[in-house]
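A short worksheet on the structure shown next.
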Amino acid sequence: MLEQLVKALAELEEDRVLEIVRQELDCGTEPLSILQACQRGMTEVGSRFESNEYFVSDLMMSGEIFKQVGVLLEEGLKSASQVSSGTVVIGTVAGDIHDIGKDIVVNMLKSANLDVTDLGVDVPPARFVTALQETNASVLGMSGLLTLAFDSMKETVVAIEEAGLRGRVHIMIGGGPVNGDVCEVVGADSWGADAQAAVRLAKTWLDVGAQT
Amino acid sequence: MQALYEERRRRIEKTIALEPVDRVPAAFMGMAFAPRYMGMSIADFCAVPENRTEVTLAAMDKLGADVWDGINKLPCGKIVPQLTAAWLSHIATPGKELPADSLWQVQETEVMKPEDYDVILDKGWPAFLEGYYPRVIDVDELADMKAWVRDNIAHVVQRCRDHAYVPIAYGGTATPFEYLCGGRSMGRFFIDLYRDKDRVRAVMDHMLPYMIREGIQAAELSGIPAIWVGGWRSASSLLSPQIWDEFVFPYFLELVNALADKGIVSVLHLDQDWTRDLERFKELPAKMCLLNTDGMTDLRKAKEILGDHMAIMGDVPAALLYAGTPDDIFKYVHDLIRDVGPSGLILCAGCDAPINARPENMEAMAAATREYGQVMAGP
Ligand code: B12
C-alpha cells in the first residue's frame with residue numbers, strides 16, 4: 001500500500017494520496033512510515049522536474065498535497081519525531097515578496113528530511129542573523145527574484161559577517177534571475193537554479209548522503 | 001524631426017514584416033529606471049501622468065537621442081491604476097503606502113475567491129469586474145486614469161513624435177489566464193488548474209471575447225496599430241504541457257487572430273521561459289506578432305523556429321543590466337545581433353530594465369546597439 005502512496009504522490013493524484021494516508025492511519029501504520037513514503041513520492045516529483053517531465057505548476061501541486069498530508073499526520077508525528085539531518089534557515093530577502101519558488105524549495109528541503117526554519121518574505125538582514133543564532137543552523141538559503149533583492153542579499157551577507165557567523169554558515173542563493181555573477185556580487189557560497197539544487201547544496205554542506 | 005520619425009517608423013515596420021533593414025532598431029523600455037535615472041522620485045512619477053511621459057522621453061534623450069528608434073510602450077497615463085487593471089491586484093503606491101522613492105508593489109493575495117468563478121459565469125465578466133475593482137483600488141482613481149488617457153493620448157503620441165521616437169505599442173490585453181491568475185494569486189490559481197479545471201475553462205471561454213474587445217479598443221484609442229498581449233505567468237517553464245495546451249495557447253491563438261483580423265500587431269510580452277512551446281507559435285498569423293521576451297526564452301531557438309514567421313524584440317536581461325559590466329553588455333548585444341539579427345530584431349531590454357539597472361550599463365546598451373546594429377546590418 002505504501003508503494004501505491006509513493007506512486008500516487010508522484011502522479012499528483014491528490015484524492016488518492018489523501019485516501020491512502022487516511023486508510024493507513026486507520027490500519028495503525030506508523031505515521032513516520034507514511035511520511036517517509038510521501039517523502040519518496042516528493043523525491044520522485046523532484047527528479048521528474050529535473051528531467052523536464054514536470055514543471056513549476058506540478059511542483060506547486062505536489063507541495064499542496066504534501067502540506068495536506070502533513071496536517072493529517074501532525075498528531076501522530078509529535079511523539080515519534082524523525083531525527084532530522086540538519087537545519088536550514090531560509091527566507092525571501094528584504095524588499096522582495098516573491099515566495100512561490102521559495103516555498104517549493106522549503107517543501108523539497110522538508111521532504112528531504114531537513115529541518116527548515118522559514119522566515120517568510122521581505123526578511124531584513126537582522127532577522128536572518130537572529131534566526132541563525134537561535135537555530136544554530138549552518139546553512140542559509142536566500143531567495144529573491146528582483147534585482148533589488150541582490151542588494152538585500154549582499155547586505156545580509158555583510159550582516160552575517162559582522163555578527164561573526166560567516167565562518168560557520170554556508171550561504172546559498174536562488175530565485176529567477178540569480179546566476180553565478182550575481183552569486184559573486186552578493187558574496188554567497190553558491191547558488192542554485194531550482195529546488196533540487198537547493199537540496200543538493202544543503203546535503204553536501206551538511207554532509208548527509210544523497211538519499212534519506 | 002518629422003523625417004527622422006518616419007525613417008524610424010519604417011525601420012520598425014520593416015522589422016516586423018521581416019524585411020531587410022539598414023540598421024537594427026532599438027527600443028527603450030525601463031519604466032521605473034527612467035525616473036530613477038533622471039532623479040525624479042517614483043512617487044512623482046506615479047502621481048502626475050505628464051511626468052511619466054516627459055521623464056521617459058528625457059531619459060531616452062540622455063541615454064542617446066540618436067540611438068532609440070522607438071519605445072516599447074507608449075508612456076501614457078498613471079501607471080498604478082493601469083497595472084491594477086491588468087493584474088487585478090492591489091498595488092501599493094510610492095508616496096502613499098510606500099516610501100516616495102521605492103518601486104510600486106503588487107500585493108498579490110487571494111482577492112478573487114473560488115465562488116467568484118460562479119459570479120463571472122452568472123453575471124458576466126463586465127458586471128463582475130465592476131463589483132471586483134473596489135476590492136483592489138479606489139474606483140475613482142481608475143476612472144480618472146481612463147479619462148486622462150482618453151483626453152491626452154493624442155498629445156502623448158505627439159510628444160513622442162516631437163522627439164522622433166516611435167511608440168511601438170499602446171495598451172494591452174492578455175489571455176483570460178493572466179487576469180484570473182492575478183486575481184486568484186498565482187499560488188491559488190495554479191492549484192485551481194488541477195482541482196477545478198472544468199469551471200476554470202468555462203470561465204475562460206466566457207471571458208475571451210472581452211479580452212479581444214479590450215485590445216481592439218486600445219488600438220482604436222491610440223491609433224497605434226499594435227498592442228501588448230501579456231504572458232506574465234503562463235510561460236512554458238511554469239506549466240505542464242497539458243495545462244499549457246489547454247489553458248494558455250488556444251486563447252492566445254484566438255486572441256491574436258482576432259486582433260490580426262483588425263490589422264493589429266500583437267506584441268507578445270512573454271516573461272520567463274517559453275522555449276518548450278515555440279513550435280506552436282507558428283500557428284499564429286505570420287508577421288503580425290513581435291516576440292518580446294525577457295532573457296529567459298532561448299532566442300537562438302526562436303530565430304531558428306520562427307525566424308521567417310515573426311520578429312523578435314529583446315532581450316538584454318534585467319540581472320545583467322544590474323550585475324554586469326558595460327563590457328558584458330557590449331558582448332551580449334553583439335552576440336544577439338549576430339545570432340538573432342540583423343533583420344527581424346528590435347533590440348530592447350528584457351521585459352523592463354529594472355529600477356536599479358546601472359546607468360553605465362544602460363548607456364552601454366545604447367552605445368552597443370549604435371555600433372553593432374549598423375555595422376552588421378551594413379549599408
Ligand atoms: C508571480 C510573480 C509575482 C507575484 C508573486 C507572488 C508570490 N507569492 O510569489 C506578485 C504579483 C506579487 C509579483 C510582484 C512583483 N513582481 Co513579480 N513576478 C512573478 C512572476 C510572474 C513569476 C515568479 C515565480 O513565481 N516563478 C516561479 C518560481 C517557482 O520560480 P523561482 O522563484 O525562480 O524559483 C525556482 C528557482 O529559482 C529556485 N529557487 C528559488 N528560490 C531559491 C532559493 C535558493 C537558496 C535556491 C538554491 C534556489 C531557489 O527554485 C524554485 C523552484 O525550482 C515573475 C515573472 C516570471 N514569469 O518569472 C515576475 C517577476 C519576478 N516580478 C517582477 C517584478 C518587477 C515584480 C514587482 C516589482 C512588480 C511591481 N512593480 O509591483 C512586484 C514585486 C513586489 C516585491 N516587492 O517583491 C520581475 C522582476 C524583474 C527584476 N529583475 O527585478 C519579474 C521577473 C517579471 C518581469 N519580467 O518583470 N510578482
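We name chains A, B, ... following the order of the C-alpha cells; residues begin at 1 in each chain, and ligands are numbered from 1 as shown.
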
Given only C-alpha atoms and all ligand atoms, how would the per-residue table for chain A near ligand 1 read, listing every residue at most 7 Å away with its closest atom pair and distance in Å to one decimal, sorted by chain and number, as CSV?
residue,atom,partner,partner_atom_place_in_ligand_line,distance
A:Val56,CA,ligand 1,29 (C),5.5
A:Gly95,CA,ligand 1,77 (N),5.0
A:Asp96,CA,ligand 1,78 (O),3.4
A:Ile97,CA,ligand 1,78 (O),3.8
A:His98,CA,ligand 1,9 (O),3.2
A:Asp99,CA,ligand 1,9 (O),3.9
A:Ile100,CA,ligand 1,9 (O),4.4
A:Gly101,CA,ligand 1,34 (O),3.2
A:Lys102,CA,ligand 1,41 (N),4.3
A:Ile104,CA,ligand 1,52 (C),5.6
A:Val105,CA,ligand 1,50 (O),5.6
A:Gly141,CA,ligand 1,45 (C),3.9
A:Met142,CA,ligand 1,45 (C),4.8
A:Ser143,CA,ligand 1,43 (C),4.0
A:Gly144,CA,ligand 1,41 (N),6.4
A:Leu145,CA,ligand 1,61 (C),4.9
A:Leu146,CA,ligand 1,84 (O),3.4
A:Thr147,CA,ligand 1,84 (O),4.2
A:Leu148,CA,ligand 1,84 (O),6.2
A:Met172,CA,ligand 1,45 (C),4.8
A:Ile173,CA,ligand 1,45 (C),3.9
A:Gly174,CA,ligand 1,43 (C),3.6
A:Gly175,CA,ligand 1,37 (O),3.2
A:Gly176,CA,ligand 1,33 (O),3.3
A:Pro177,CA,ligand 1,83 (N),6.7
A:Trp191,CA,ligand 1,47 (C),5.3
A:Gly192,CA,ligand 1,47 (C),3.7
A:Ala193,CA,ligand 1,36 (C),5.1
A:Asp194,CA,ligand 1,50 (O),3.5
A:Ala195,CA,ligand 1,50 (O),4.1
A:Ala197,CA,ligand 1,47 (C),5.7
A:Ala198,CA,ligand 1,47 (C),3.9

Interface residues on chain B facing chain A, 9 Å, only C-alpha atoms, written as a ChimeraX atom specification: /B:107,186-187,190-191,193-195,236-241,243,272,296,317-320,322-324,354-357

Proximity to Gln36 in chain A - best of A:His170, A:Lys203, A:Lys110, A:Arg22, only C-alpha atoms: A:Lys110

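The gap separating CA of Ser89 in chain B from CA of Glu141 in chain B is 14.4 Å, in Å to one decimal.
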
12 Å contact set for Glu19 in chain A, only C-alpha atoms, chain neighbours under 4 positions out, as a PyMOL selection string: chain A and resi 1-2+4-5+8-9+13-15+23-26+65+68-69+72

Quick one: write out the picked residues with N, CA, C and O atoms as a JSON list (two decimals), in the first residue's frame?
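Output file part-v2.json is given in full below:
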[["chain", "number", "residue", "atom", "x", "y", "z"],
["A", 1, "MET", "N", 0.83, -1.22, 0.00],
["A", 1, "MET", "CA", 0.00, 0.00, 0.00],
["A", 1, "MET", "C", 0.86, 1.26, 0.00],
["A", 1, "MET", "O", 0.58, 2.22, -0.69],
["A", 2, "LEU", "N", 1.95, 1.23, 0.79],
["A", 2, "LEU", "CA", 2.80, 2.41, 0.84],
["A", 2, "LEU", "C", 3.46, 2.68, -0.51],
["A", 2, "LEU", "O", 3.68, 3.82, -0.89],
["A", 4, "GLN", "N", 2.01, 2.21, -3.27],
["A", 4, "GLN", "CA", 0.99, 2.93, -4.05],
["A", 4, "GLN", "C", 0.92, 4.39, -3.65],
["A", 4, "GLN", "O", 0.60, 5.26, -4.45],
["A", 5, "LEU", "N", 1.22, 4.65, -2.39],
["A", 5, "LEU", "CA", 1.22, 6.03, -1.91],
["A", 5, "LEU", "C", 2.34, 6.81, -2.60],
["A", 5, "LEU", "O", 2.14, 7.93, -3.08],
["A", 8, "ALA", "N", 1.15, 7.41, -6.10],
["A", 8, "ALA", "CA", 0.05, 8.37, -6.20],
["A", 8, "ALA", "C", 0.57, 9.79, -6.02],
["A", 8, "ALA", "O", 0.15, 10.72, -6.72],
["A", 9, "LEU", "N", 1.49, 9.97, -5.12],
["A", 9, "LEU", "CA", 2.04, 11.31, -4.91],
["A", 9, "LEU", "C", 2.86, 11.72, -6.13],
["A", 9, "LEU", "O", 2.72, 12.84, -6.64],
["A", 13, "GLU", "N", -1.85, 12.60, -7.73],
["A", 13, "GLU", "CA", -3.26, 12.24, -7.57],
["A", 13, "GLU", "C", -3.69, 12.57, -6.15],
["A", 13, "GLU", "O", -3.62, 11.74, -5.24],
["A", 14, "GLU", "N", -4.17, 13.79, -5.99],
["A", 14, "GLU", "CA", -4.46, 14.33, -4.68],
["A", 14, "GLU", "C", -5.43, 13.46, -3.86],
["A", 14, "GLU", "O", -5.14, 13.06, -2.74],
["A", 15, "ASP", "N", -6.60, 13.18, -4.46],
["A", 15, "ASP", "CA", -7.63, 12.44, -3.71],
["A", 15, "ASP", "C", -7.11, 11.07, -3.29],
["A", 15, "ASP", "O", -7.33, 10.62, -2.17],
["A", 23, "GLN", "N", -6.46, 5.73, 5.12],
["A", 23, "GLN", "CA", -6.59, 4.28, 5.30],
["A", 23, "GLN", "C", -5.44, 3.73, 6.13],
["A", 23, "GLN", "O", -5.63, 2.95, 7.06],
["A", 24, "GLU", "N", -4.25, 4.16, 5.79],
["A", 24, "GLU", "CA", -3.06, 3.67, 6.51],
["A", 24, "GLU", "C", -3.13, 4.04, 7.98],
["A", 24, "GLU", "O", -2.83, 3.23, 8.86],
["A", 25, "LEU", "N", -3.55, 5.28, 8.25],
["A", 25, "LEU", "CA", -3.66, 5.71, 9.65],
["A", 25, "LEU", "C", -4.69, 4.84, 10.37],
["A", 25, "LEU", "O", -4.46, 4.40, 11.50],
["A", 26, "ASP", "N", -5.82, 4.58, 9.68],
["A", 26, "ASP", "CA", -6.85, 3.74, 10.28],
["A", 26, "ASP", "C", -6.33, 2.35, 10.59],
["A", 26, "ASP", "O", -6.71, 1.74, 11.59],
["A", 65, "ILE", "N", -0.24, 19.04, -1.99],
["A", 65, "ILE", "CA", -0.65, 17.71, -1.49],
["A", 65, "ILE", "C", 0.17, 17.36, -0.24],
["A", 65, "ILE", "O", -0.37, 16.91, 0.77],
["A", 68, "GLN", "N", -1.02, 18.95, 2.89],
["A", 68, "GLN", "CA", -2.23, 18.33, 3.46],
["A", 68, "GLN", "C", -1.91, 17.02, 4.17],
["A", 68, "GLN", "O", -2.50, 16.72, 5.20],
["A", 69, "VAL", "N", -0.98, 16.29, 3.59],
["A", 69, "VAL", "CA", -0.56, 15.05, 4.26],
["A", 69, "VAL", "C", 0.02, 15.42, 5.62],
["A", 69, "VAL", "O", -0.28, 14.79, 6.64],
["A", 72, "LEU", "N", -2.63, 15.84, 8.17],
["A", 72, "LEU", "CA", -3.20, 14.56, 8.61],
["A", 72, "LEU", "C", -2.26, 13.82, 9.57],
["A", 72, "LEU", "O", -2.70, 13.13, 10.48]]

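Atom pair CA of Thr175 in chain B / CA of Gly63 in chain A has a distance of 26.4 Å (rounded to one decimal).
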
Contacts of range 251-261 of chain B within 12 Å, only C-alpha atoms, excl. fewer than 5 positions in-chain, as a VMD selection string: chain B and resid 172 to 178 201 204 to 220 225 to 231 234 244 to 246 266 to 270 280 to 290

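Across the structure, CA of Val55 in chain B and CA of Ala34 in chain B are spaced 6.3 Å apart.
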
Would you mind listing what lies within 9 Å of Thr369 in chain B as a PDB file with N, CA and C atoms, in the first residue's frame, with only C-alpha atoms counted and same-chain residues fewer than 5 positions away left out?
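Written output follows (around.pdb):
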ATOM      1  N   VAL B  24      19.726  47.747 -37.085  1.00  0.00           N
ATOM      2  CA  VAL B  24      18.803  47.106 -36.148  1.00  0.00           C
ATOM      3  C   VAL B  24      18.138  48.184 -35.290  1.00  0.00           C
ATOM      4  N   PRO B  25      16.832  48.266 -35.319  1.00  0.00           N
ATOM      5  CA  PRO B  25      16.191  49.282 -34.494  1.00  0.00           C
ATOM      6  C   PRO B  25      16.305  48.969 -33.001  1.00  0.00           C
ATOM      7  N   ALA B  26      16.356  50.029 -32.219  1.00  0.00           N
ATOM      8  CA  ALA B  26      16.426  49.864 -30.768  1.00  0.00           C
ATOM      9  C   ALA B  26      15.195  50.485 -30.132  1.00  0.00           C
ATOM     10  N   VAL B  67      20.055  56.968 -30.688  1.00  0.00           N
ATOM     11  CA  VAL B  67      20.045  55.508 -30.624  1.00  0.00           C
ATOM     12  C   VAL B  67      18.651  54.915 -30.796  1.00  0.00           C
ATOM     13  N   PHE B 330      28.119  44.989 -23.914  1.00  0.00           N
ATOM     14  CA  PHE B 330      28.587  45.065 -25.298  1.00  0.00           C
ATOM     15  C   PHE B 330      28.600  43.679 -25.932  1.00  0.00           C
ATOM     16  N   VAL B 333      24.971  42.320 -26.522  1.00  0.00           N
ATOM     17  CA  VAL B 333      24.300  42.961 -27.657  1.00  0.00           C
ATOM     18  C   VAL B 333      24.940  42.492 -28.966  1.00  0.00           C
ATOM     19  N   HIS B 334      26.260  42.441 -28.969  1.00  0.00           N
ATOM     20  CA  HIS B 334      26.978  41.988 -30.165  1.00  0.00           C
ATOM     21  C   HIS B 334      26.510  40.591 -30.583  1.00  0.00           C
ATOM     22  N   ILE B 337      22.803  40.445 -31.818  1.00  0.00           N
ATOM     23  CA  ILE B 337      22.604  40.943 -33.186  1.00  0.00           C
ATOM     24  C   ILE B 337      23.198  39.947 -34.189  1.00  0.00           C
ATOM     25  N   LEU B 347      16.138  45.619 -30.828  1.00  0.00           N
ATOM     26  CA  LEU B 347      16.897  45.478 -29.602  1.00  0.00           C
ATOM     27  C   LEU B 347      16.227  46.195 -28.447  1.00  0.00           C
ATOM     28  N   ALA B 364      25.708  51.653 -22.087  1.00  0.00           N
ATOM     29  CA  ALA B 364      26.442  50.688 -22.904  1.00  0.00           C
ATOM     30  C   ALA B 364      25.501  49.976 -23.869  1.00  0.00           C
ATOM     31  N   GLN B 374      24.434  48.886 -36.731  1.00  0.00           N
ATOM     32  CA  GLN B 374      24.740  49.469 -38.021  1.00  0.00           C
ATOM     33  C   GLN B 374      25.726  48.610 -38.804  1.00  0.00           C
TER      34      GLN B 374
END
